[in-house]
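*Asks:* Below is the file start_24.txt, with compact mmCIF, C-alpha atoms.
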# COMPACT_ATOMS: atom_id res chain seq x y z
CA MET P 1 -8.34 -7.67 -13.85
CA PHE P 2 -7.50 -4.48 -15.71
CA ALA P 3 -11.12 -3.30 -16.00
CA THR P 4 -11.73 -3.98 -12.31
CA THR P 5 -8.55 -2.11 -11.38
CA LEU P 6 -9.65 0.91 -13.40
CA ALA P 7 -13.15 0.78 -11.94
CA PHE P 8 -11.87 0.74 -8.37
CA GLY P 9 -9.34 3.44 -9.18
CA TRP P 10 -11.92 5.84 -10.59
CA VAL P 11 -14.30 5.13 -7.70
CA GLY P 12 -11.49 6.16 -5.36
CA VAL P 13 -10.92 9.35 -7.36
CA MET P 14 -14.64 10.20 -7.30
CA LEU P 15 -14.89 9.55 -3.56
CA PHE P 16 -11.89 11.81 -2.95
CA LEU P 17 -13.45 14.61 -5.02
CA LEU P 18 -16.78 14.23 -3.20
CA LEU P 19 -15.01 14.30 0.14
CA SER P 20 -13.16 17.46 -0.91
CA ILE P 21 -16.44 19.15 -1.90
CA PHE P 22 -18.31 18.26 1.30
CA LEU P 23 -15.36 18.32 3.71
CA GLN P 24 -16.18 21.65 5.37
CA SER P 25 -19.82 20.66 5.81
CA LEU P 26 -18.80 17.35 7.39
CA LEU P 27 -16.35 19.12 9.72
CA ARG P 28 -19.03 21.54 10.88
CA LYS P 29 -21.29 18.60 11.70
CA ASN P 30 -18.48 16.84 13.59
CA GLU P 31 -18.60 13.88 11.21
CA PHE P 32 -14.96 12.94 11.73
CA ALA P 33 -15.69 9.22 11.83
CA LEU P 34 -17.42 9.39 8.43
CA ILE P 35 -14.48 11.30 6.97
CA HIS P 36 -12.09 8.58 8.12
CA VAL P 37 -14.35 5.82 6.79
CA LEU P 38 -14.41 7.53 3.38
CA LEU P 39 -10.60 7.72 3.44
CA ILE P 40 -10.49 3.99 4.19
CA PHE P 41 -12.61 3.31 1.09
CA ILE P 42 -10.47 5.69 -1.00
CA PHE P 43 -7.19 4.04 -0.02
CA THR P 44 -8.75 0.60 -0.52
CA CYS P 45 -9.83 1.55 -4.04
CA TRP P 46 -6.28 2.65 -4.84
CA LEU P 47 -4.71 -0.61 -3.67
CA PRO P 48 -5.32 -2.41 -7.02
CA ILE P 49 -3.60 0.49 -8.84
CA ALA P 50 -0.48 0.16 -6.71
CA PHE P 51 -0.49 -3.63 -6.97
CA SER P 52 -1.00 -3.72 -10.75
CA LEU P 53 2.06 -1.57 -11.50
CA ALA P 54 4.30 -4.61 -11.00
CA PHE P 55 2.50 -6.27 -13.93
CA PHE P 56 2.15 -3.31 -16.30
CA ILE P 57 5.65 -1.82 -15.95
CA ASN P 58 8.70 -3.90 -16.78
CA GLY P 59 11.68 -4.14 -14.47
CA TRP P 60 12.50 -4.74 -10.82
CA ALA P 61 12.13 -1.05 -9.95
CA ALA P 62 8.39 -1.31 -10.60
CA LYS P 63 8.08 -4.37 -8.38
CA ILE P 64 9.98 -2.69 -5.53
CA GLY P 65 7.88 0.46 -5.95
CA THR P 66 4.70 -1.61 -5.89
CA LEU P 67 5.78 -3.25 -2.62
CA PHE P 68 6.38 0.11 -0.93
CA CYS P 69 3.14 1.66 -2.24
CA VAL P 70 0.97 -1.30 -1.26
CA LEU P 71 2.53 -1.35 2.21
CA ALA P 72 1.94 2.40 2.55
CA LEU P 73 -1.74 2.14 1.61
CA ILE P 74 -2.27 -0.74 4.04
CA MET P 75 -0.68 1.36 6.79
CA PHE P 76 -2.94 4.31 5.91
CA ILE P 77 -6.00 2.03 6.05
CA ILE P 78 -4.97 0.65 9.46
CA ALA P 79 -4.35 4.18 10.79
CA MET P 80 -7.74 5.40 9.54
CA ALA P 81 -9.48 2.33 11.00
CA LEU P 82 -7.91 2.86 14.43
CA GLN P 83 -8.82 6.54 14.39
CA THR P 84 -12.38 5.73 13.31
CA GLY P 85 -12.78 3.26 16.15
CA TYR P 86 -11.54 5.76 18.69
CA ILE P 87 -13.73 8.59 17.33
CA VAL P 88 -16.86 6.42 17.40
CA TYR P 89 -16.12 5.25 20.97
CA SER P 90 -15.30 8.80 22.07
CA ASN P 91 -18.52 10.19 20.59
CA LYS P 92 -20.60 7.58 22.42
CA HIS P 93 -19.00 8.13 25.82
CA SER P 94 -17.86 11.76 25.78
CA LYS P 95 -21.03 12.93 27.59
CA GLU P 96 -20.21 10.73 30.58
CA ASN P 97 -17.10 12.76 31.43
CA LYS P 98 -16.75 15.56 28.92
CA ASP P 99 -13.65 17.21 30.41
CA LEU P 100 -11.76 13.94 30.57
CA TRP P 101 -12.56 12.98 26.98
CA GLU P 102 -11.68 16.44 25.64
CA ALA P 103 -8.34 16.25 27.44
CA ASN P 104 -7.62 12.80 26.01
CA ASP P 105 -8.85 13.34 22.45
CA GLU P 106 -5.90 15.36 21.16
CA TRP P 107 -3.11 13.14 22.45
CA MET P 108 -4.98 9.96 21.53
CA MET P 109 -5.51 11.10 17.93
CA ASN P 110 -1.87 12.15 17.72
CA LEU P 111 -0.87 8.72 18.96
CA LEU P 112 -2.99 7.01 16.29
CA SER P 113 -2.17 9.36 13.43
CA ASP P 114 1.12 11.26 13.27
CA PRO P 115 3.86 8.58 13.43
CA ILE P 116 2.11 5.85 11.44
CA GLU P 117 0.79 8.25 8.78
CA MET P 118 4.19 9.90 8.35
CA ILE P 119 5.92 6.52 8.04
CA ALA P 120 3.27 5.41 5.54
CA GLY P 121 3.84 8.63 3.59
CA ILE P 122 7.59 8.00 3.55
CA PHE P 123 7.03 4.46 2.26
CA ASN P 124 4.65 5.75 -0.42
CA TRP P 125 7.09 8.35 -1.74
CA ILE P 126 10.02 5.93 -1.66
CA GLY P 127 7.82 3.66 -3.75
CA ALA P 128 7.07 6.60 -6.05
CA ILE P 129 10.79 7.12 -6.67
CA PHE P 130 11.11 3.48 -7.75
CA ILE P 131 7.98 3.73 -9.92
CA GLY P 132 9.29 6.93 -11.51
CA THR P 133 12.60 5.18 -12.22
CA ALA P 134 10.76 2.26 -13.82
CA LEU P 135 8.71 4.61 -15.99
CA LEU P 136 11.87 6.39 -17.10
CA GLN P 137 13.49 3.07 -17.98
CA ASN P 138 10.41 2.14 -20.02
CA ASN P 139 10.43 5.41 -22.00
CA TYR P 140 7.65 7.26 -20.21
CA PRO P 141 9.59 10.44 -19.33
CA PHE P 142 6.50 12.66 -18.94
CA PHE P 143 4.86 10.47 -16.31
CA ALA P 144 8.23 9.84 -14.65
CA ALA P 145 8.91 13.58 -14.35
CA ILE P 146 5.53 14.24 -12.70
CA ILE P 147 6.00 11.38 -10.24
CA PHE P 148 9.54 12.48 -9.37
CA LEU P 149 8.17 15.97 -8.72
CA LEU P 150 5.41 14.62 -6.44
CA SER P 151 7.90 12.39 -4.63
CA LEU P 152 9.60 15.52 -3.25
CA GLN P 153 6.92 15.30 -0.57
CA LEU P 154 9.19 12.63 0.92
CA ILE P 155 11.26 15.48 2.39
CA TYR P 156 8.14 16.95 4.00
CA CYS P 157 7.13 13.61 5.53
CA LEU P 158 10.64 13.01 6.86
CA ALA P 159 10.67 16.48 8.46
CA LEU P 160 7.28 15.87 10.09
CA LEU P 161 8.36 12.46 11.41
CA PHE P 162 11.57 13.98 12.80
CA ARG P 163 9.52 16.79 14.39
CA THR P 164 7.17 14.25 16.01
CA CYS P 165 9.72 11.73 17.27
CA VAL P 166 12.53 13.94 18.58
CA ASN P 167 12.09 15.20 22.14
CA ALA P 168 13.72 18.56 21.46
CA PRO P 169 13.61 19.23 17.72
CA PRO P 170 15.39 22.33 16.35
CA LYS P 171 13.32 25.50 16.10
CA TRP P 172 13.37 25.49 12.32
CA ILE P 173 11.73 22.07 12.18
CA GLN P 174 9.13 22.99 14.82
CA SER P 175 7.85 25.60 12.37
CA ILE P 176 6.94 22.82 9.90
CA LYS P 177 3.35 21.90 10.65
CA PRO P 178 1.45 18.83 9.41
CA ASN P 179 -1.10 19.77 6.79
CA SER P 180 -3.59 17.03 5.93
CA VAL P 181 -4.67 18.91 2.78
CA VAL P 182 -1.12 18.90 1.39
CA LEU P 183 -0.52 15.25 2.35
CA ASN P 184 -3.82 13.93 0.98
CA LEU P 185 -3.67 16.07 -2.17
CA GLY P 186 -0.22 14.68 -2.91
CA LEU P 187 -1.51 11.12 -2.59
CA PHE P 188 -4.54 11.94 -4.74
CA LEU P 189 -2.42 13.42 -7.55
CA TYR P 190 0.01 10.50 -7.40
CA TYR P 191 -2.65 7.83 -7.79
CA LEU P 192 -4.54 9.88 -10.35
CA ILE P 193 -1.37 10.09 -12.47
CA LEU P 194 -0.82 6.34 -12.12
CA LEU P 195 -4.44 5.72 -13.09
CA LEU P 196 -4.08 7.91 -16.17
CA PHE P 197 -0.87 6.09 -17.05
CA LEU P 198 -2.64 2.73 -16.87
CA VAL P 199 -5.43 4.00 -19.13
CA ILE P 200 -3.01 5.42 -21.72
CA HIS P 201 -0.78 2.35 -21.50
CA HIS P 202 -3.79 0.13 -22.21
CA LEU P 203 -5.00 2.26 -25.12
CA THR P 204 -1.59 2.33 -26.79
Rewrite the coordinates I just gave you, this time as structure tokens.

*Replies:*
Amino acid sequence: MFATTLAFGWVGVMLFLLLSIFLQSLLRKNEFALIHVLLIFIFTCWLPIAFSLAFFINGWAAKIGTLFCVLALIMFIIAMALQTGYIVYSNKHSKENKDLWEANDEWMMNLLSDPIEMIAGIFNWIGAIFIGTALLQNNYPFFAAIIFLLSLQLIYCLALLFRTCVNAPPKWIQSIKPNSVVLNLGLFLYYLILLLFLVIHHLT
């Protein structure tokens, strides 16, 4: 189990790095569906990492954190799958009525992305707080400190969700814009740190 978890985890890391390298090229070629498919594979590869924490870290905090993180990744996968399906369908039929599809694309993608991704992000960072607490309780202060620092993105996700769901949000919160680079980089660093923890934990 452990070797398989590590293998999937590192595959997810490599896929994320490859996506980062070729992202601009894929965007120029309008390969949005492929980008979302790659994200589905990345999040799927990180699922065993999240799930295994309940077994490798003692205490209920780790089990609660695992539950939140697994749920968050499943939500991300569902969101990416829905967006992929819409993009593929849109690409096939956009030539039939270009103006109509262009008008619908933005609101449809917002419908399938913003709320569910923000809620998934909130679940993930709540889980991170529990995981960080468990690491602290098990005398891993270095890893706990990094995870607590990354979990500050919870505030960002809450602000974005509030901005999306409130009909007339305050001006200060309207200035907070969703940034997929920030959100995805935070997730990448979080699961990379957990992967490194599992490797070090196994070696020691």

*Asks:* Expressed in Å to a single decimal, how great is the separation between atom CA of Met75 of chain P and atom CA of Lys29 of chain P?

*Replies:*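 Atom-to-atom, atom CA of Met75 of chain P to atom CA of Lys29 of chain P, that is 27.3 Å.
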
*Asks:* With only C-alpha atoms as the counted atoms, please give the residues lying no more than 12 Å from Ala7 of chain P, apart from itself and same-chain residues fewer than 2 positions off, as a PyMOL selection string.

*Replies:* chain P and resi 1-5+9-14+45-49+195+198-199

*Asks:* Out of P:Ala33, P:Leu26, P:Leu152, P:Ile57, which residue has the shortest atom-to-atom distance to Tyr89 of chain P when counting all atoms listed in the file?

*Replies:*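 Under the stated criterion, the closest residue is P:Ala33.
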
*Asks:* In Å, how far is it from atom CA of Ile173 of chain P to atom CA of Tyr156 of chain P?

*Replies:*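 That distance, rounded to one decimal, is 10.3 Å.
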
*Asks:* P:Leu187, P:Ala145, P:Met118, P:Leu192: which is nearest Leu161 of chain P, counting all atoms listed in the file?

*Replies:*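 Looking only at the distances to Leu161 of chain P, the closest residue turns out to be P:Met118.
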
*Asks:* Can you work out which one of P:Ile147, P:Ala81, P:Ala72, P:Ala62 has the shortest atom-to-atom distance to Ile122 of chain P, counting only C-alpha atoms?

*Replies:*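 Ranked by minimum distance to Ile122 of chain P, first place goes to P:Ala72.
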
*Asks:* Would you please work out which residue, of P:Phe162, P:Phe197, P:Phe16, P:Phe8, is nearest to Ile146 of chain P when using all atoms listed in the file?

*Replies:* P:Phe197

*Asks:* So that I can check the surroundings of Glu31 of chain P, please list as a ChimeraX atom specification every protein, DNA and RNA residue that reaches within 12 Å of it, counting all atoms listed in the file and ignoring chain neighbours fewer than 6 positions away.

*Replies:* /P:19,22-25,37-38,84,87-88,91

*Asks:* Could you take the residues named above and write them with C-alpha atoms, as a short mmCIF file (atom, residue, chain, number, x, y, z; two decimals), in the coordinates of the input?

*Replies:*
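Result file follows (selection-v8.cif):
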data_model
loop_
_atom_site.label_atom_id
_atom_site.label_comp_id
_atom_site.auth_asym_id
_atom_site.auth_seq_id
_atom_site.Cartn_x
_atom_site.Cartn_y
_atom_site.Cartn_z
CA LEU P 19 -15.01 14.30 0.14
CA PHE P 22 -18.31 18.26 1.30
CA LEU P 23 -15.36 18.32 3.71
CA GLN P 24 -16.18 21.65 5.37
CA SER P 25 -19.82 20.66 5.81
CA VAL P 37 -14.35 5.82 6.79
CA LEU P 38 -14.41 7.53 3.38
CA THR P 84 -12.38 5.73 13.31
CA ILE P 87 -13.73 8.59 17.33
CA VAL P 88 -16.86 6.42 17.40
CA ASN P 91 -18.52 10.19 20.59
#

*Asks:* Put a box with edges along x, y and z around all the listed atoms of segment 42-55 of chain P, pad it by 6 Å on each side, then give me its centre and sizes in Å, one decimal, as lines of an AutoDock Vina configuration file.

*Replies:*
center_x = -3.1
center_y = -0.3
center_z = -7.0
size_x = 26.8
size_y = 24.0
size_z = 25.9

*Asks:* For segment 127-144 of chain P, find every residue with an atom within 10 Å (counting all atoms listed in the file), except residues of its own chain fewer than 2 positions away, and show them as JSON, numbers by chain.

*Replies:* {"P": [50, 53, 54, 57, 58, 59, 60, 61, 62, 63, 64, 65, 66, 67, 68, 69, 70, 71, 72, 121, 122, 123, 124, 125, 146, 147, 148, 149, 150, 151, 152, 154, 190, 191, 193, 194, 196, 197, 201]}

*Asks:* Atom CA of Leu189 of chain P and atom CA of Lys177 of chain P, how far apart in Å?

*Replies:*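 We find that atom CA of Lys177 of chain P and atom CA of Leu189 of chain P lie 20.9 Å from each other.
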
*Asks:* Between P:Cys165, P:Ile21, P:Leu158, P:Met80, which is the closest to Leu34 of chain P once you count all atoms listed in the file?

*Replies:* P:Met80

*Asks:* Pick out the closest residue to Ala120 of chain P from this set: P:Gln174, P:Ser90, P:Asn179, P:Asn184. Count all atoms listed in the file.

*Replies:*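 When distances to Ala120 of chain P are compared using all atoms listed in the file, the smallest one comes from P:Asn184.
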